[in-house]
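Colleague: Got a structure here, written out as structure tokens. Questions coming.
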Amino acid sequence: MNCEPLVNAIAAAMMFLEESGDDEVDPDSAVRALENMSHALLQYAGPDREDFLELIERVADGTADEHDARFIRDIPRMIGMVES
């Protein structure tokens with residue numbers, strides 16, 4: 001199964017929640033949603049986690065917009081999956 005569209009969807013949702021202004025999304029709701037998404041992604045362990053990290057890099061490499069690519073590459077660090 002090609003999971004790149006799923007990672008793109010997750011990244012787009014996370015970017016929207018992270019970068020939306022207070023007048024677009026309630027800040028508390030955005031934080032809660034990001035925490036829930038992070039918790040779900042942190043369930044990956046072992047080889048699945050490595051596969052996810054590789055997929056993040058592959059998706060970021062295929063992203064034309066440099067801002068978006070940086071955001072995607074930073075997801076594992078943002079959610080605490082890897083250290084800085």
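Quick note on naming: the chains in the structure tokens go A, B, ... in the order shown, residues restart at 1 in each chain, and ligands are numbered from 1 in order of appearance.
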As a VMD selection string, please: every residue in chain A that a backbone DSSP assignment puts in helix (DSSP H, G or I).
Modeller: chain A and resid 4 to 19 27 to 41 46 to 61 66 to 78
Colleague: Give me the residues within 9 Å of Ala30 of chain A as an MDAnalysis selection string, counting only C-alpha atoms and dropping any in the same chain fewer than 2 places off.
Modeller: chainID A and resid 14 16:18 20 25:28 32:35
Colleague: Please dump the current selection as a JSON list (two decimals), in the first residue's frame; keep all heavy atoms.
Modeller:
```json
[["chain", "number", "residue", "atom", "x", "y", "z"],
["A", 14, "MET", "N", -1.79, 18.79, 10.39],
["A", 14, "MET", "CA", -0.94, 19.30, 11.46],
["A", 14, "MET", "C", -0.48, 20.73, 11.15],
["A", 14, "MET", "O", -0.46, 21.59, 12.04],
["A", 14, "MET", "CB", 0.26, 18.39, 11.70],
["A", 14, "MET", "CG", -0.13, 17.04, 12.27],
["A", 14, "MET", "SD", 1.27, 15.95, 12.54],
["A", 14, "MET", "CE", 1.66, 16.42, 14.24],
["A", 16, "PHE", "N", -2.01, 22.93, 9.25],
["A", 16, "PHE", "CA", -3.17, 23.81, 9.39],
["A", 16, "PHE", "C", -3.39, 24.16, 10.86],
["A", 16, "PHE", "O", -3.58, 25.33, 11.21],
["A", 16, "PHE", "CB", -4.42, 23.15, 8.80],
["A", 16, "PHE", "CG", -5.68, 23.92, 9.06],
["A", 16, "PHE", "CD1", -5.98, 25.06, 8.34],
["A", 16, "PHE", "CD2", -6.56, 23.52, 10.05],
["A", 16, "PHE", "CE1", -7.14, 25.78, 8.59],
["A", 16, "PHE", "CE2", -7.72, 24.22, 10.30],
["A", 16, "PHE", "CZ", -8.01, 25.37, 9.57],
["A", 17, "LEU", "N", -3.39, 23.16, 11.71],
["A", 17, "LEU", "CA", -3.64, 23.40, 13.14],
["A", 17, "LEU", "C", -2.53, 24.23, 13.77],
["A", 17, "LEU", "O", -2.79, 25.09, 14.61],
["A", 17, "LEU", "CB", -3.78, 22.06, 13.87],
["A", 17, "LEU", "CG", -5.03, 21.26, 13.53],
["A", 17, "LEU", "CD1", -4.91, 19.84, 14.05],
["A", 17, "LEU", "CD2", -6.27, 21.94, 14.06],
["A", 18, "GLU", "N", -1.30, 23.97, 13.37],
["A", 18, "GLU", "CA", -0.15, 24.68, 13.95],
["A", 18, "GLU", "C", -0.09, 26.14, 13.49],
["A", 18, "GLU", "O", 0.28, 27.02, 14.27],
["A", 18, "GLU", "CB", 1.14, 23.96, 13.55],
["A", 18, "GLU", "CG", 2.40, 24.52, 14.14],
["A", 18, "GLU", "CD", 2.53, 24.29, 15.63],
["A", 18, "GLU", "OE1", 2.03, 23.27, 16.14],
["A", 18, "GLU", "OE2", 3.15, 25.14, 16.31],
["A", 20, "SER", "N", -2.64, 28.04, 11.94],
["A", 20, "SER", "CA", -3.87, 28.83, 11.87],
["A", 20, "SER", "C", -3.90, 29.88, 12.98],
["A", 20, "SER", "O", -3.42, 29.64, 14.09],
["A", 20, "SER", "CB", -5.10, 27.92, 12.03],
["A", 20, "SER", "OG", -5.24, 27.12, 10.89],
["A", 25, "VAL", "N", -9.03, 28.93, 14.12],
["A", 25, "VAL", "CA", -9.20, 27.72, 14.93],
["A", 25, "VAL", "C", -8.96, 28.08, 16.39],
["A", 25, "VAL", "O", -7.99, 28.75, 16.71],
["A", 25, "VAL", "CB", -8.20, 26.61, 14.51],
["A", 25, "VAL", "CG1", -8.36, 25.38, 15.36],
["A", 25, "VAL", "CG2", -8.35, 26.26, 13.05],
["A", 26, "ASP", "N", -9.86, 27.65, 17.25],
["A", 26, "ASP", "CA", -9.67, 27.88, 18.68],
["A", 26, "ASP", "C", -8.33, 27.27, 19.10],
["A", 26, "ASP", "O", -8.08, 26.09, 18.84],
["A", 26, "ASP", "CB", -10.81, 27.22, 19.46],
["A", 26, "ASP", "CG", -10.61, 27.34, 20.95],
["A", 26, "ASP", "OD1", -10.67, 28.47, 21.47],
["A", 26, "ASP", "OD2", -10.36, 26.29, 21.58],
["A", 27, "PRO", "N", -7.44, 28.06, 19.71],
["A", 27, "PRO", "CA", -6.11, 27.56, 20.07],
["A", 27, "PRO", "C", -6.14, 26.30, 20.95],
["A", 27, "PRO", "O", -5.33, 25.39, 20.75],
["A", 27, "PRO", "CB", -5.46, 28.73, 20.80],
["A", 27, "PRO", "CG", -6.19, 29.94, 20.32],
["A", 27, "PRO", "CD", -7.59, 29.48, 20.03],
["A", 28, "ASP", "N", -7.05, 26.26, 21.90],
["A", 28, "ASP", "CA", -7.13, 25.07, 22.77],
["A", 28, "ASP", "C", -7.54, 23.84, 21.98],
["A", 28, "ASP", "O", -7.02, 22.74, 22.21],
["A", 28, "ASP", "CB", -8.11, 25.31, 23.92],
["A", 28, "ASP", "CG", -7.62, 26.36, 24.90],
["A", 28, "ASP", "OD1", -6.38, 26.53, 25.03],
["A", 28, "ASP", "OD2", -8.46, 27.02, 25.53],
["A", 32, "ARG", "N", -5.26, 20.46, 21.40],
["A", 32, "ARG", "CA", -5.83, 19.15, 21.73],
["A", 32, "ARG", "C", -5.78, 18.20, 20.53],
["A", 32, "ARG", "O", -5.40, 17.04, 20.64],
["A", 32, "ARG", "CB", -7.26, 19.30, 22.24],
["A", 32, "ARG", "CG", -7.84, 18.02, 22.82],
["A", 32, "ARG", "CD", -9.15, 18.23, 23.57],
["A", 32, "ARG", "NE", -10.15, 19.04, 22.86],
["A", 32, "ARG", "CZ", -10.46, 20.30, 23.17],
["A", 32, "ARG", "NH1", -9.89, 20.90, 24.18],
["A", 32, "ARG", "NH2", -11.38, 20.95, 22.48],
["A", 33, "ALA", "N", -6.11, 18.71, 19.35],
["A", 33, "ALA", "CA", -6.07, 17.89, 18.14],
["A", 33, "ALA", "C", -4.64, 17.46, 17.82],
["A", 33, "ALA", "O", -4.39, 16.29, 17.49],
["A", 33, "ALA", "CB", -6.67, 18.64, 16.96],
["A", 34, "LEU", "N", -3.69, 18.37, 17.93],
["A", 34, "LEU", "CA", -2.28, 18.04, 17.68],
["A", 34, "LEU", "C", -1.77, 17.01, 18.68],
["A", 34, "LEU", "O", -1.02, 16.09, 18.33],
["A", 34, "LEU", "CB", -1.41, 19.30, 17.70],
["A", 34, "LEU", "CG", -1.54, 20.20, 16.48],
["A", 34, "LEU", "CD1", -0.92, 21.56, 16.74],
["A", 34, "LEU", "CD2", -0.90, 19.53, 15.27],
["A", 35, "GLU", "N", -2.17, 17.16, 19.93],
["A", 35, "GLU", "CA", -1.76, 16.18, 20.95],
["A", 35, "GLU", "C", -2.34, 14.81, 20.65],
["A", 35, "GLU", "O", -1.65, 13.79, 20.80],
["A", 35, "GLU", "CB", -2.18, 16.65, 22.35],
["A", 35, "GLU", "CG", -1.36, 17.80, 22.87],
["A", 35, "GLU", "CD", -1.88, 18.37, 24.17],
["A", 35, "GLU", "OE1", -3.03, 18.06, 24.58],
["A", 35, "GLU", "OE2", -1.15, 19.17, 24.78]]
```
Colleague: With only C-alpha atoms as the counted atoms, please give the residues lying no more than 10 Å from Asn8 of chain A, apart from itself and same-chain residues fewer than 3 positions off, as a list in words.
Modeller: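 Returned residues: Cys3, Glu4, Pro5, Ala11, Ala12, Ala13, Met14, Ile56, Val59, Ala60, Thr63 and Ile72 of chain A.
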Colleague: For a quick check of understanding, using only C-alpha atoms, which of A:Val31, A:Met15, A:Val7, A:Met37 has the smallest distance to Leu53 of chain A?
Modeller: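 For Leu53 of chain A, the nearest of the given residues is A:Val7.
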Colleague: Each residue of segment 28-50 of chain A with at least one atom at most 12 Å from segment 74-84 of chain A should appear once, together with its nearest atom pair and the corresponding distance in Å (one decimal); atoms considered: only C-alpha atoms; ordering: chain, then increasing residue number; output as a Markdown table.
Modeller:
```
| residue | atom | partner | partner_atom | distance |
| --- | --- | --- | --- | --- |
| A:Val31 | CA | A:Ile79 | CA | 11.8 |
| A:Leu34 | CA | A:Ile79 | CA | 8.6 |
| A:Glu35 | CA | A:Ile79 | CA | 8.0 |
| A:Asn36 | CA | A:Ile79 | CA | 10.2 |
| A:Met37 | CA | A:Ile79 | CA | 8.7 |
| A:Ser38 | CA | A:Ile79 | CA | 5.3 |
| A:His39 | CA | A:Ile79 | CA | 7.9 |
| A:Ala40 | CA | A:Ile79 | CA | 10.0 |
| A:Leu41 | CA | A:Ile79 | CA | 8.1 |
| A:Leu42 | CA | A:Met81 | CA | 6.3 |
| A:Gln43 | CA | A:Met81 | CA | 9.6 |
| A:Tyr44 | CA | A:Met81 | CA | 9.0 |
| A:Ala45 | CA | A:Met81 | CA | 9.7 |
| A:Gly46 | CA | A:Met81 | CA | 11.6 |
| A:Arg49 | CA | A:Met81 | CA | 8.6 |
| A:Glu50 | CA | A:Met81 | CA | 10.4 |
```
Colleague: Deliver the residues from the most recent selection as a file, using C-alpha atoms, as a short mmCIF file (atom, residue, chain, number, x, y, z; two decimals), in the first residue's frame.
Modeller:
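The new file result.cif reads:
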```
data_model
loop_
_atom_site.label_atom_id
_atom_site.label_comp_id
_atom_site.auth_asym_id
_atom_site.auth_seq_id
_atom_site.Cartn_x
_atom_site.Cartn_y
_atom_site.Cartn_z
CA VAL A 31 -3.51 21.97 20.71
CA LEU A 34 -2.28 18.04 17.68
CA GLU A 35 -1.76 16.18 20.95
CA ASN A 36 -4.21 13.47 19.88
CA MET A 37 -2.51 13.09 16.50
CA SER A 38 0.90 12.97 18.17
CA HIS A 39 -0.24 10.32 20.63
CA ALA A 40 -1.55 8.15 17.80
CA LEU A 41 1.68 8.47 15.79
CA LEU A 42 3.80 7.66 18.84
CA GLN A 43 2.19 4.22 18.90
CA TYR A 44 4.56 3.23 16.10
CA ALA A 45 7.42 1.13 17.47
CA GLY A 46 10.38 -0.79 16.11
CA ARG A 49 8.54 3.55 13.47
CA GLU A 50 11.56 3.31 11.16
#
```
